[in-house]
>>> print(open('target-v9.cif').read())   # mmCIF, C-alpha atoms
data_coords
loop_
_atom_site.label_atom_id
_atom_site.label_comp_id
_atom_site.auth_asym_id
_atom_site.auth_seq_id
_atom_site.Cartn_x
_atom_site.Cartn_y
_atom_site.Cartn_z
CA MET A 1 108.41 -73.74 -159.43
CA SER A 2 109.48 -76.47 -157.09
CA LEU A 3 106.32 -78.53 -157.24
CA VAL A 4 107.06 -80.72 -160.23
CA TYR A 5 104.29 -83.32 -160.11
CA VAL A 6 100.82 -83.56 -158.55
CA GLY A 7 98.73 -86.69 -158.76
CA ALA A 8 96.17 -88.81 -156.99
CA CYS A 9 95.73 -92.52 -156.54
CA SER A 10 93.68 -94.96 -154.53
CA HIS A 11 94.91 -96.96 -151.61
CA ALA A 12 93.26 -100.04 -150.17
CA PRO A 13 94.71 -103.13 -148.57
CA GLY A 14 93.03 -105.33 -151.16
CA ILE A 15 95.00 -103.72 -154.00
CA THR A 16 97.98 -105.78 -152.92
CA GLY A 17 96.57 -108.13 -150.30
CA ARG A 18 93.76 -109.57 -152.42
CA ALA A 19 95.38 -109.24 -155.85
CA HIS A 20 95.55 -113.02 -156.12
CA LEU A 21 91.78 -113.35 -155.65
CA VAL A 22 90.79 -111.01 -158.50
CA GLU A 23 88.58 -112.50 -161.22
CA ASN A 24 88.92 -109.57 -163.63
CA THR A 25 92.66 -109.81 -164.01
CA ALA A 26 92.69 -107.72 -167.22
CA LYS A 27 91.17 -104.75 -165.39
CA ARG A 28 93.48 -105.30 -162.42
CA ASP A 29 96.52 -105.24 -164.66
CA GLU A 30 95.23 -102.14 -166.44
CA PHE A 31 95.06 -100.44 -163.06
CA TYR A 32 98.55 -101.58 -162.14
CA ALA A 33 99.80 -100.23 -165.48
CA ALA A 34 98.26 -96.85 -164.70
CA LEU A 35 100.05 -96.83 -161.36
CA ASP A 36 103.29 -97.74 -163.09
CA GLN A 37 102.79 -94.85 -165.50
CA GLN A 38 102.34 -92.62 -162.46
CA ARG A 39 105.64 -93.96 -161.12
CA GLN A 40 107.35 -93.16 -164.40
CA ASP A 41 105.83 -89.67 -164.49
CA ILE A 42 107.11 -88.96 -160.98
CA GLU A 43 110.57 -90.18 -161.93
CA ALA A 44 110.53 -88.13 -165.15
CA SER A 45 109.61 -85.02 -163.15
CA GLY A 46 112.99 -85.14 -161.44
CA ALA A 47 111.36 -85.09 -158.02
CA GLU A 48 113.82 -85.24 -155.15
CA ALA A 49 111.13 -85.97 -152.56
CA LEU A 50 107.54 -87.17 -152.53
CA ILE A 51 104.83 -85.67 -150.35
CA ILE A 52 102.14 -88.27 -149.88
CA VAL A 53 98.89 -86.82 -148.56
CA ALA A 54 97.11 -89.69 -146.89
CA ALA A 55 94.09 -90.59 -144.86
CA GLU A 56 95.61 -92.88 -142.29
CA HIS A 57 93.72 -95.49 -140.37
CA PHE A 58 94.78 -95.26 -136.73
CA ALA A 59 98.39 -96.23 -137.24
CA ASN A 60 99.59 -93.07 -135.51
CA PHE A 61 96.76 -90.77 -134.56
CA PHE A 62 93.95 -91.61 -132.17
CA MET A 63 91.16 -89.74 -130.44
CA ASN A 64 93.45 -88.92 -127.51
CA ASN A 65 95.13 -86.27 -129.66
CA MET A 66 93.81 -86.11 -133.21
CA PRO A 67 95.31 -83.43 -135.46
CA ALA A 68 93.33 -82.01 -138.36
CA PHE A 69 96.60 -82.02 -140.33
CA CYS A 70 100.03 -83.47 -139.70
CA ILE A 71 103.30 -83.41 -141.66
CA GLY A 72 106.07 -85.94 -141.08
CA ILE A 73 109.57 -84.66 -140.45
CA GLY A 74 111.18 -87.95 -139.49
CA GLY A 75 114.46 -89.26 -140.82
CA SER A 76 112.89 -92.60 -141.69
CA TYR A 77 109.63 -94.47 -141.34
CA SER A 78 108.64 -98.09 -141.01
CA GLY A 79 105.71 -100.03 -142.35
CA PRO A 80 103.39 -101.66 -142.84
CA ILE A 81 101.94 -101.95 -139.35
CA GLU A 82 99.65 -104.68 -140.68
CA ASP A 83 100.59 -108.33 -141.00
CA PRO A 84 102.87 -108.33 -144.08
CA GLU A 85 101.41 -111.62 -145.27
CA TRP A 86 97.92 -110.15 -145.13
CA LEU A 87 98.92 -107.01 -147.02
CA LYS A 88 101.41 -108.82 -149.27
CA ILE A 89 103.94 -106.04 -148.67
CA PRO A 90 107.07 -106.91 -146.67
CA LYS A 91 108.06 -104.71 -143.75
CA ALA A 92 110.45 -102.00 -144.86
CA THR A 93 112.19 -98.82 -143.79
CA VAL A 94 111.35 -95.80 -145.90
CA PRO A 95 113.61 -92.73 -146.04
CA GLY A 96 112.23 -89.40 -144.86
CA ALA A 97 113.22 -85.84 -145.69
CA PRO A 98 113.54 -84.13 -142.30
CA ASP A 99 115.23 -80.92 -143.43
CA LEU A 100 112.81 -80.31 -146.27
CA GLY A 101 109.92 -81.36 -144.07
CA ARG A 102 110.81 -78.75 -141.46
CA ARG A 103 111.06 -76.03 -144.08
CA LEU A 104 107.64 -76.97 -145.44
CA VAL A 105 106.10 -77.05 -141.96
CA ARG A 106 107.43 -73.59 -141.17
CA GLU A 107 105.81 -72.18 -144.29
CA VAL A 108 102.51 -74.08 -143.95
CA MET A 109 102.27 -72.81 -140.36
CA GLN A 110 102.03 -69.26 -141.67
CA SER A 111 98.43 -69.97 -142.67
CA VAL A 112 97.38 -73.39 -141.30
CA ASP A 113 97.88 -74.77 -137.79
CA VAL A 114 99.56 -78.02 -138.71
CA ALA A 115 100.94 -80.67 -136.37
CA TYR A 116 104.26 -82.29 -137.15
CA ALA A 117 105.71 -85.66 -136.23
CA GLU A 118 109.17 -87.20 -136.20
CA GLU A 119 107.63 -90.62 -135.61
CA TRP A 120 105.21 -92.16 -138.06
CA LYS A 121 104.30 -95.76 -138.79
CA PHE A 122 102.94 -96.38 -142.24
CA ASP A 123 99.81 -98.45 -142.73
CA HIS A 124 98.30 -99.64 -146.00
CA GLY A 125 97.16 -96.08 -146.72
CA ILE A 126 100.75 -95.11 -147.53
CA MET A 127 102.47 -98.46 -148.07
CA VAL A 128 100.20 -99.55 -150.93
CA PRO A 129 100.85 -96.40 -153.02
CA LEU A 130 104.58 -96.53 -152.24
CA HIS A 131 104.67 -100.19 -153.26
CA PHE A 132 103.77 -99.06 -156.78
CA LEU A 133 105.22 -95.54 -156.95
CA THR A 134 108.60 -96.00 -155.25
CA PRO A 135 108.99 -99.78 -155.12
CA LYS A 136 112.66 -99.56 -154.14
CA TYR A 137 111.86 -97.03 -151.39
CA ASP A 138 114.63 -94.85 -152.75
CA LEU A 139 112.76 -91.53 -152.87
CA PRO A 140 112.57 -89.53 -149.62
CA ILE A 141 109.00 -89.37 -148.36
CA ILE A 142 107.16 -86.65 -146.48
CA PRO A 143 103.97 -88.18 -145.11
CA VAL A 144 101.02 -85.89 -144.60
CA ASN A 145 97.76 -86.74 -142.92
CA ILE A 146 94.32 -85.21 -143.03
CA ASN A 147 91.85 -86.50 -140.46
CA CYS A 148 89.30 -88.50 -142.47
CA GLN A 149 88.67 -91.14 -139.78
CA GLY A 150 87.95 -89.77 -136.33
CA PRO A 151 84.97 -87.38 -136.26
CA PRO A 152 84.82 -84.42 -135.96
CA LEU A 153 86.61 -84.54 -139.30
CA THR A 154 88.68 -81.85 -140.96
CA PRO A 155 86.23 -79.59 -142.86
CA LEU A 156 86.49 -79.81 -146.63
CA HIS A 157 87.24 -76.14 -147.06
CA ARG A 158 90.12 -76.47 -144.61
CA ALA A 159 91.51 -79.40 -146.61
CA TRP A 160 91.44 -77.12 -149.64
CA THR A 161 93.16 -74.30 -147.71
CA PHE A 162 95.74 -76.80 -146.51
CA GLY A 163 96.43 -77.85 -150.11
CA GLU A 164 96.99 -74.23 -151.04
CA ALA A 165 99.33 -73.84 -148.07
CA LEU A 166 101.29 -76.91 -149.15
CA ARG A 167 101.65 -75.33 -152.58
CA ARG A 168 102.97 -72.08 -151.15
CA ALA A 169 105.38 -74.05 -149.00
CA CYS A 170 106.66 -76.04 -151.96
CA ASP A 171 107.07 -72.83 -153.93
CA SER A 172 109.18 -71.37 -151.12
CA VAL A 173 111.94 -73.99 -151.43
CA PRO A 174 114.23 -74.84 -154.34
CA ASP A 175 113.83 -78.61 -153.99
CA LYS A 176 111.92 -80.49 -156.68
CA ILE A 177 108.88 -82.01 -155.00
CA ALA A 178 106.20 -84.43 -156.18
CA LEU A 179 102.87 -84.61 -154.37
CA VAL A 180 100.49 -87.55 -154.53
CA SER A 181 97.23 -87.64 -152.63
CA THR A 182 95.87 -91.03 -151.83
CA GLY A 183 92.30 -91.24 -150.80
CA GLY A 184 89.07 -92.78 -151.83
CA VAL A 185 85.84 -91.97 -153.51
CA SER A 186 82.79 -94.00 -152.54
CA HIS A 187 83.50 -97.14 -150.56
CA TRP A 188 82.39 -98.98 -147.47
CA PRO A 189 85.67 -100.62 -146.43
CA ALA A 190 86.09 -102.89 -143.45
CA THR A 191 82.35 -103.51 -143.22
CA PRO A 192 80.23 -106.38 -144.54
CA ASP A 193 79.46 -103.99 -147.44
CA SER A 194 83.06 -104.07 -148.57
CA GLY A 195 82.99 -103.97 -152.38
CA LYS A 196 79.96 -101.68 -152.57
CA ILE A 197 80.73 -98.77 -154.93
CA ASN A 198 78.55 -95.85 -156.08
CA GLU A 199 79.99 -95.35 -159.54
CA ALA A 200 77.70 -92.46 -160.48
CA TRP A 201 78.70 -90.54 -157.35
CA ASP A 202 82.36 -91.28 -158.02
CA ARG A 203 82.26 -90.08 -161.59
CA GLU A 204 80.42 -86.89 -160.70
CA PHE A 205 82.88 -86.08 -157.92
CA LEU A 206 85.95 -86.95 -159.97
CA GLY A 207 84.66 -84.88 -162.89
CA ARG A 208 84.28 -81.89 -160.62
CA LEU A 209 87.72 -82.55 -159.19
CA MET A 210 89.36 -82.71 -162.60
CA ARG A 211 87.62 -79.48 -163.61
CA GLN A 212 88.67 -77.70 -160.43
CA GLU A 213 85.04 -76.89 -159.54
CA ARG A 214 86.02 -75.64 -156.11
CA ASP A 215 82.64 -74.40 -154.91
CA LYS A 216 80.83 -77.60 -155.87
CA LEU A 217 83.59 -79.73 -154.37
CA LEU A 218 83.43 -77.91 -151.07
CA SER A 219 79.63 -78.10 -150.91
CA TYR A 220 79.53 -81.83 -150.07
CA SER A 221 78.27 -82.36 -146.53
CA ASP A 222 79.56 -85.27 -144.45
CA GLU A 223 75.97 -86.47 -144.07
CA GLU A 224 75.46 -86.57 -147.84
CA THR A 225 78.83 -88.22 -148.40
CA TYR A 226 78.15 -90.85 -145.74
CA ALA A 227 74.77 -91.66 -147.29
CA GLN A 228 75.97 -91.76 -150.88
CA ALA A 229 79.61 -92.75 -150.60
CA GLY A 230 80.01 -94.41 -147.22
CA GLN A 231 82.54 -93.62 -144.53
CA GLY A 232 85.25 -94.26 -147.10
CA GLY A 233 83.99 -91.23 -148.98
CA PHE A 234 85.30 -89.04 -146.18
CA GLU A 235 88.70 -89.55 -147.80
CA ILE A 236 87.86 -87.09 -150.58
CA ARG A 237 89.70 -84.61 -148.36
CA THR A 238 93.07 -85.77 -149.63
CA TYR A 239 91.98 -85.37 -153.24
CA LEU A 240 90.75 -81.85 -152.54
CA ALA A 241 94.15 -80.95 -151.10
CA ALA A 242 95.88 -82.20 -154.26
CA ALA A 243 93.58 -80.20 -156.52
CA ALA A 244 94.15 -77.09 -154.43
CA ALA A 245 97.92 -77.59 -154.43
CA ALA A 246 98.05 -78.07 -158.20
CA GLY A 247 95.64 -75.33 -159.17
CA GLY A 248 95.31 -76.66 -162.72
CA PRO A 249 92.86 -79.09 -164.33
CA GLY A 250 93.31 -82.79 -163.87
CA GLU A 251 93.34 -85.79 -166.13
CA LEU A 252 91.54 -88.87 -164.86
CA GLN A 253 93.98 -91.45 -166.15
CA PHE A 254 92.17 -94.46 -164.74
CA TYR A 255 88.93 -95.18 -162.94
CA THR A 256 86.93 -98.36 -162.62
CA ALA A 257 84.19 -99.75 -160.43
CA GLU A 258 84.89 -103.20 -161.85
CA LEU A 259 87.33 -104.27 -159.15
CA PRO A 260 85.09 -104.36 -156.07
CA ILE A 261 87.37 -106.97 -154.51
CA PHE A 262 89.67 -103.99 -153.88
CA ALA A 263 86.77 -102.37 -151.97
CA VAL A 264 87.06 -98.99 -153.66
CA GLY A 265 86.51 -97.39 -157.04
CA VAL A 266 90.15 -97.36 -158.04
CA THR A 267 91.49 -94.10 -159.37
CA VAL A 268 94.68 -92.70 -160.88
CA ALA A 269 94.85 -89.02 -161.85
CA ARG A 270 97.32 -86.26 -162.59
CA PHE A 271 96.88 -82.51 -162.27
CA ASP A 272 98.42 -79.66 -164.23
CA ILE A 273 100.42 -77.37 -161.99
CA ALA A 274 99.14 -73.84 -162.51
CA ALA A 275 101.75 -71.12 -162.68
CA MET B 1 80.71 -95.82 -122.28
CA SER B 2 84.08 -97.52 -122.71
CA LEU B 3 84.13 -97.83 -126.50
CA TYR B 4 86.96 -95.34 -126.43
CA GLN B 5 88.97 -97.63 -124.16
CA LEU B 6 88.11 -100.67 -126.25
CA GLN B 7 89.27 -98.98 -129.43
CA LYS B 8 92.40 -97.68 -127.73
CA PHE B 9 93.28 -101.23 -126.65
CA LEU B 10 93.08 -102.33 -130.28
CA TYR B 11 94.80 -99.22 -131.62
CA VAL B 12 97.80 -99.88 -129.38
CA LEU B 13 97.78 -103.59 -130.11
CA ASN B 14 97.69 -103.03 -133.87
CA ARG B 15 100.75 -100.80 -133.95
CA ASP B 16 102.92 -101.92 -131.03
CA GLU B 17 104.86 -105.17 -131.23
CA ALA B 18 105.52 -105.14 -127.47
CA ALA B 19 101.76 -105.02 -126.85
CA GLN B 20 101.32 -107.86 -129.33
CA GLN B 21 103.78 -109.99 -127.38
CA LYS B 22 101.97 -109.17 -124.14
CA TYR B 23 98.63 -109.99 -125.78
CA ARG B 24 99.90 -113.45 -126.63
CA ALA B 25 101.66 -114.05 -123.31
CA ASP B 26 99.20 -112.58 -120.79
CA ILE B 27 96.09 -111.07 -122.32
CA ASP B 28 94.39 -110.53 -118.95
CA SER B 29 97.25 -108.33 -117.82
CA LEU B 30 96.94 -106.25 -120.98
CA ILE B 31 93.16 -106.04 -120.60
CA GLY B 32 93.68 -104.86 -117.03
CA GLU B 33 95.38 -101.73 -118.31
CA TYR B 34 92.10 -100.49 -119.80
CA ASP B 35 88.73 -99.55 -118.33
CA LEU B 36 86.60 -102.10 -120.13
CA SER B 37 83.17 -103.60 -119.49
CA ASP B 38 82.92 -107.34 -118.92
CA GLU B 39 81.37 -107.73 -122.37
CA GLU B 40 84.23 -105.85 -124.01
CA ALA B 41 86.91 -107.73 -122.10
CA GLN B 42 85.36 -111.07 -123.02
CA ALA B 43 85.12 -110.07 -126.68
CA LEU B 44 88.86 -109.35 -126.63
CA ARG B 45 89.71 -112.61 -124.86
CA GLU B 46 87.76 -114.55 -127.48
CA GLY B 47 88.79 -112.44 -130.48
CA ASP B 48 85.07 -112.05 -131.13
CA ILE B 49 85.10 -109.98 -134.34
CA GLY B 50 81.31 -110.01 -134.67
CA LEU B 51 80.69 -108.59 -131.21
CA LEU B 52 83.50 -106.04 -131.49
CA TYR B 53 81.98 -104.87 -134.78
CA VAL B 54 78.53 -104.52 -133.24
CA LEU B 55 79.98 -102.67 -130.24
CA GLY B 56 81.12 -99.99 -132.68
CA VAL B 57 84.84 -100.53 -133.06
CA ASN B 58 86.03 -98.49 -136.03
CA GLY B 59 86.25 -100.77 -139.07
CA GLN B 60 89.83 -99.86 -139.86
CA ILE B 61 90.94 -100.73 -136.34
CA LEU B 62 88.93 -103.95 -136.42
CA MET B 63 90.25 -104.91 -139.87
CA HIS B 64 93.85 -104.57 -138.72
CA TYR B 65 93.04 -106.62 -135.60
CA ALA B 66 91.44 -109.35 -137.70
CA ALA B 67 94.58 -109.44 -139.86
CA PHE B 68 96.66 -109.72 -136.69
CA LEU B 69 94.54 -112.71 -135.66
CA GLY B 70 95.20 -114.30 -139.06
CA ILE B 71 91.56 -114.24 -140.17
CA GLU B 72 91.10 -114.55 -143.92
CA TRP B 73 89.29 -111.67 -145.67
CA PHE B 74 86.02 -113.35 -146.55
CA ASP B 75 85.87 -115.02 -143.14
CA TYR B 76 86.28 -111.57 -141.60
CA LEU B 77 83.28 -110.26 -143.57
CA ASP B 78 81.23 -113.29 -142.49
CA LEU B 79 82.16 -112.81 -138.84
CA MET B 80 80.83 -109.25 -138.93
CA ARG B 81 77.59 -110.44 -140.53
CA GLU B 82 77.26 -113.18 -137.92
CA GLY B 83 77.82 -110.57 -135.21
CA ILE B 84 74.86 -108.59 -136.49
CA ASP B 85 72.71 -111.71 -136.71
CA LYS B 86 73.55 -112.57 -133.10
CA HIS B 87 73.74 -109.16 -131.42
CA GLY B 88 71.76 -106.77 -133.61
CA PRO B 89 72.81 -103.65 -135.53
CA VAL B 90 76.05 -101.80 -134.95
CA ARG B 91 75.58 -99.67 -131.85
CA ASP B 92 78.01 -96.81 -132.45
CA GLY B 93 80.43 -95.24 -134.89
CA VAL B 94 80.31 -94.81 -138.68
CA TYR B 95 80.99 -98.35 -139.86
CA ALA B 96 77.42 -99.66 -139.76
CA MET B 97 76.30 -102.29 -142.26
CA THR B 98 74.09 -100.68 -144.90
CA GLY B 99 73.84 -103.36 -147.57
CA GLY B 100 71.65 -105.92 -145.85
CA GLY B 101 74.46 -108.40 -145.49
CA GLN B 102 74.86 -109.42 -149.11
CA SER B 103 78.20 -109.80 -150.82
CA PHE B 104 79.33 -107.18 -153.33
CA THR B 105 82.05 -109.20 -155.05
CA VAL B 106 81.90 -112.10 -157.47
CA GLU B 107 85.01 -113.48 -155.82
CA GLU B 108 83.18 -113.92 -152.50
CA LYS B 109 80.03 -115.28 -154.14
CA LYS B 110 82.05 -117.93 -155.98
CA ARG B 111 83.97 -118.93 -152.91
#
>>> encode(input="target-v9.cif", output="structure tokens")
Amino acid sequence: MSLVYVGACSHAPGITGRAHLVENTAKRDEFYAALDQQRQDIEASGAEALIIVAAEHFANFFMNNMPAFCIGIGGSYSGPIEDPEWLKIPKATVPGAPDLGRRLVREVMQSVDVAYAEEWKFDHGIMVPLHFLTPKYDLPIIPVNINCQGPPLTPLHRAWTFGEALRRACDSVPDKIALVSTGGVSHWPATPDSGKINEAWDREFLGRLMRQERDKLLSYSDEETYAQAGQGGFEIRTYLAAAAAAGGPGELQFYTAELPIFAVGVTVARFDIAA
Amino acid sequence: MSLYQLQKFLYVLNRDEAAQQKYRADIDSLIGEYDLSDEEAQALREGDIGLLYVLGVNGQILMHYAAFLGIEWFDYLDLMREGIDKHGPVRDGVYAMTGGGQSFTVEEKKR
């Protein structure tokens, strides 16, 4: 198989940008250690490229032409679009994987109508995970986006189908590929409620995700998610795609609701890749 | 009616350094490129985070704009709360305040 690693992790601008404000530094450092373990696991997998399935925040896609899915096939990418001082991540150029990206797009297109893009500016949604997972920006990146921001949103069952299509595409090429989905469970980011977290909802969802309970996972309505998990909860779509791509059970390697300054229940997970 | 235009102004500004230079050099010229109401245009001229939030600008777009303006995180949260106090609830979109305006972090409470 050519998919050698599948994982999930949180993104949020506060994870880097507000790190210096954190009171619970022990929990923060535990989270950072889990991300570093994820970095080591990706490196140990021998991955030659990293697909990062993200929920971007209007860095590239707007309501003038919003794709349900998009795959990056650029030669390189730049980011962050945000003020580097605010995000505490310097501007950088990140290598892409255009040839591999095109091959994946061709295969995904057999079952899912996916957009593709040679231009892509990274915001915190991708730059924060890369800051921890490929800090030297020396692993070619294939950015992927699922519309979690501009309603009408990508339906959950289509996110799952897309994850399965990504898996078939990865299996169709000889390259060793890692896939990390970066999303969110409950959170109310960029509102006065920033820091609000519904831990019970998070743990129930993540448990279902780790157990590959597909039918229950796809039964969440956007109305229920908005009420229980905020607009940030719409980002479960990326996690669903990772679970579908992996096919095997997951291990929740880290979760805490004790870092609300990061404005999300922070999560690190890894999935078994089913044969 | 022009929330789309208002958000597009900020979307372009957030990601385009040429637009950022124009914003700083001649904001009225940049505003003139969009079909905005007087209220929206004035909110942009003044960098009025509270009013923009109430008008329904997507929180992610507004957060990046606030960072561009150099507004510190907790000040940004306060400006949104003040916007609600002054103008009423958020009028559109999915970024409404649901928590009554309280803080959810010890770091902000101890500030």
>>> residues_around(input="target-v9.cif", residues="Ala8 in chain A", least_positions_apart="6", cutoff="6 Å", atoms="all atoms listed in the file", output="list in words")
Val180, Ser181, Thr182, Val268 and Ala269 of chain A
>>> write_last_selection(input="target-v9.cif", atoms="C-alpha atoms", output="tab-separated table (two decimals), keeping the file's coordinate frame")
chain	number	residue	atom	x	y	z
A	180	VAL	CA	100.49	-87.55	-154.53
A	181	SER	CA	97.23	-87.64	-152.63
A	182	THR	CA	95.87	-91.03	-151.83
A	268	VAL	CA	94.68	-92.70	-160.88
A	269	ALA	CA	94.85	-89.02	-161.85
>>> interface_residues(input="target-v9.cif", of="chain A", to="chain B", cutoff="8 Å", atoms="only C-alpha atoms", output="list in words")
Leu21, Val22, Glu23, His57, Phe58, Ala59, Asn60, Phe62, Ile81, Glu82, Asp83, Trp86, Lys121, Trp188, Pro189, Ala190, Thr191, Pro192, Asp193, Ser194, Gly195, Lys196, Gln231, Pro260 and Ile261 of chain A
>>> residues_around(input="target-v9.cif", residues="range 160-166 of chain A", least_positions_apart="5", cutoff="7 Å", atoms="only C-alpha atoms", output="number ranges by chain")
A: 108, 111-112, 240-242, 244-245
>>> resolve_selection(input="target-v9.cif", expression="the PyMOL selection byres ((chain A and resi 144) around 6)", output="list in words")
Ile52, Val53, Ala54, Cys70, Ile71, Pro143 and Asn145 of chain A
>>> atom_distance(input="target-v9.cif", atom1="CA of Gly74 in chain A", atom2="CA of Thr238 in chain A")
20.9 Å
>>> residues_around(input="target-v9.cif", residues="Lys91 in chain A", least_positions_apart="3", cutoff="10 Å", atoms="all atoms listed in the file", output="PDB file with C-alpha atoms, in the frame of the given file")
ATOM      1  CA  SER A  78     108.640 -98.090-141.010  1.00  0.00           C
ATOM      2  CA  GLY A  79     105.710-100.030-142.350  1.00  0.00           C
ATOM      3  CA  PRO A  80     103.390-101.660-142.840  1.00  0.00           C
ATOM      4  CA  ILE A  81     101.940-101.950-139.350  1.00  0.00           C
ATOM      5  CA  GLU A  82      99.650-104.680-140.680  1.00  0.00           C
ATOM      6  CA  ASP A  83     100.590-108.330-141.000  1.00  0.00           C
ATOM      7  CA  PRO A  84     102.870-108.330-144.080  1.00  0.00           C
ATOM      8  CA  GLU A  85     101.410-111.620-145.270  1.00  0.00           C
ATOM      9  CA  LEU A  87      98.920-107.010-147.020  1.00  0.00           C
ATOM     10  CA  LYS A  88     101.410-108.820-149.270  1.00  0.00           C
ATOM     11  CA  VAL A  94     111.350 -95.800-145.900  1.00  0.00           C
ATOM     12  CA  PHE A 122     102.940 -96.380-142.240  1.00  0.00           C
ATOM     13  CA  MET A 127     102.470 -98.460-148.070  1.00  0.00           C
TER      14      MET A 127
END
>>> atom_distance(input="target-v9.cif", atom1="CA of His11 in chain A", atom2="CA of Ile236 in chain A")
12.2 Å
>>> residues_near_point(input="target-v9.cif", point="(77.7, -106.7, -127.7)", cutoff="12 Å", atoms="only C-alpha atoms", output="number ranges by chain")
B: 3, 37-44, 48-57, 80, 83-92
>>> resolve_selection(input="target-v9.cif", expression="the PyMOL selection byres ((chain B and resi 33) around 12)", output="JSON, numbers by chain")
{"B": [5, 6, 8, 9, 12, 19, 22, 23, 26, 27, 28, 29, 30, 31, 32, 34, 35, 36, 41]}
>>> resolve_selection(input="target-v9.cif", expression="the PyMOL selection byres ((chain A and resi 204) around 12)", output="ChimeraX atom specification")
/A:185-186,198-203,205-211,213,216-217,220,228-229
>>> residues_around(input="target-v9.cif", residues="range 129-139 of chain A", least_positions_apart="3", cutoff="8 Å", atoms="only C-alpha atoms", output="PyMOL selection string")
chain A and resi 9-11+32+35-36+38-39+42+48-50+89+93-95+125-126+182
>>> atom_distance(input="target-v9.cif", atom1="CA of Lys109 in chain B", atom2="CA of Asp75 in chain B")
12.5 Å
>>> build_atoms(input="target-v9.cif", residues="range 14-25 of chain B", atoms="N, CA and C atoms", output="PDB file, in the coordinates of the input")
ATOM      1  N   ASN B  14      97.438-102.953-132.431  1.00  0.00           N
ATOM      2  CA  ASN B  14      97.690-103.030-133.870  1.00  0.00           C
ATOM      3  C   ASN B  14      99.041-102.460-134.274  1.00  0.00           C
ATOM      4  N   ARG B  15      99.552-101.515-133.507  1.00  0.00           N
ATOM      5  CA  ARG B  15     100.750-100.800-133.950  1.00  0.00           C
ATOM      6  C   ARG B  15     101.986-101.063-133.086  1.00  0.00           C
ATOM      7  N   ASP B  16     101.834-101.788-131.994  1.00  0.00           N
ATOM      8  CA  ASP B  16     102.920-101.920-131.030  1.00  0.00           C
ATOM      9  C   ASP B  16     103.279-103.393-130.845  1.00  0.00           C
ATOM     10  N   GLU B  17     104.469-103.764-131.295  1.00  0.00           N
ATOM     11  CA  GLU B  17     104.860-105.170-131.230  1.00  0.00           C
ATOM     12  C   GLU B  17     105.025-105.643-129.778  1.00  0.00           C
ATOM     13  N   ALA B  18     105.403-104.747-128.881  1.00  0.00           N
ATOM     14  CA  ALA B  18     105.520-105.140-127.470  1.00  0.00           C
ATOM     15  C   ALA B  18     104.136-105.485-126.908  1.00  0.00           C
ATOM     16  N   ALA B  19     103.136-104.710-127.288  1.00  0.00           N
ATOM     17  CA  ALA B  19     101.760-105.020-126.850  1.00  0.00           C
ATOM     18  C   ALA B  19     101.283-106.327-127.469  1.00  0.00           C
ATOM     19  N   GLN B  20     101.714-106.597-128.688  1.00  0.00           N
ATOM     20  CA  GLN B  20     101.320-107.860-129.330  1.00  0.00           C
ATOM     21  C   GLN B  20     101.920-109.051-128.596  1.00  0.00           C
ATOM     22  N   GLN B  21     103.158-108.901-128.142  1.00  0.00           N
ATOM     23  CA  GLN B  21     103.780-109.990-127.380  1.00  0.00           C
ATOM     24  C   GLN B  21     103.051-110.189-126.052  1.00  0.00           C
ATOM     25  N   LYS B  22     102.681-109.087-125.417  1.00  0.00           N
ATOM     26  CA  LYS B  22     101.970-109.170-124.140  1.00  0.00           C
ATOM     27  C   LYS B  22     100.586-109.792-124.348  1.00  0.00           C
ATOM     28  N   TYR B  23      99.945-109.444-125.451  1.00  0.00           N
ATOM     29  CA  TYR B  23      98.630-109.990-125.780  1.00  0.00           C
ATOM     30  C   TYR B  23      98.699-111.523-125.844  1.00  0.00           C
ATOM     31  N   ARG B  24      99.768-111.996-126.462  1.00  0.00           N
ATOM     32  CA  ARG B  24      99.900-113.450-126.630  1.00  0.00           C
ATOM     33  C   ARG B  24     100.325-114.130-125.321  1.00  0.00           C
ATOM     34  N   ALA B  25     101.112-113.424-124.529  1.00  0.00           N
ATOM     35  CA  ALA B  25     101.660-114.050-123.310  1.00  0.00           C
ATOM     36  C   ALA B  25     100.708-113.952-122.123  1.00  0.00           C
TER      37      ALA B  25
END
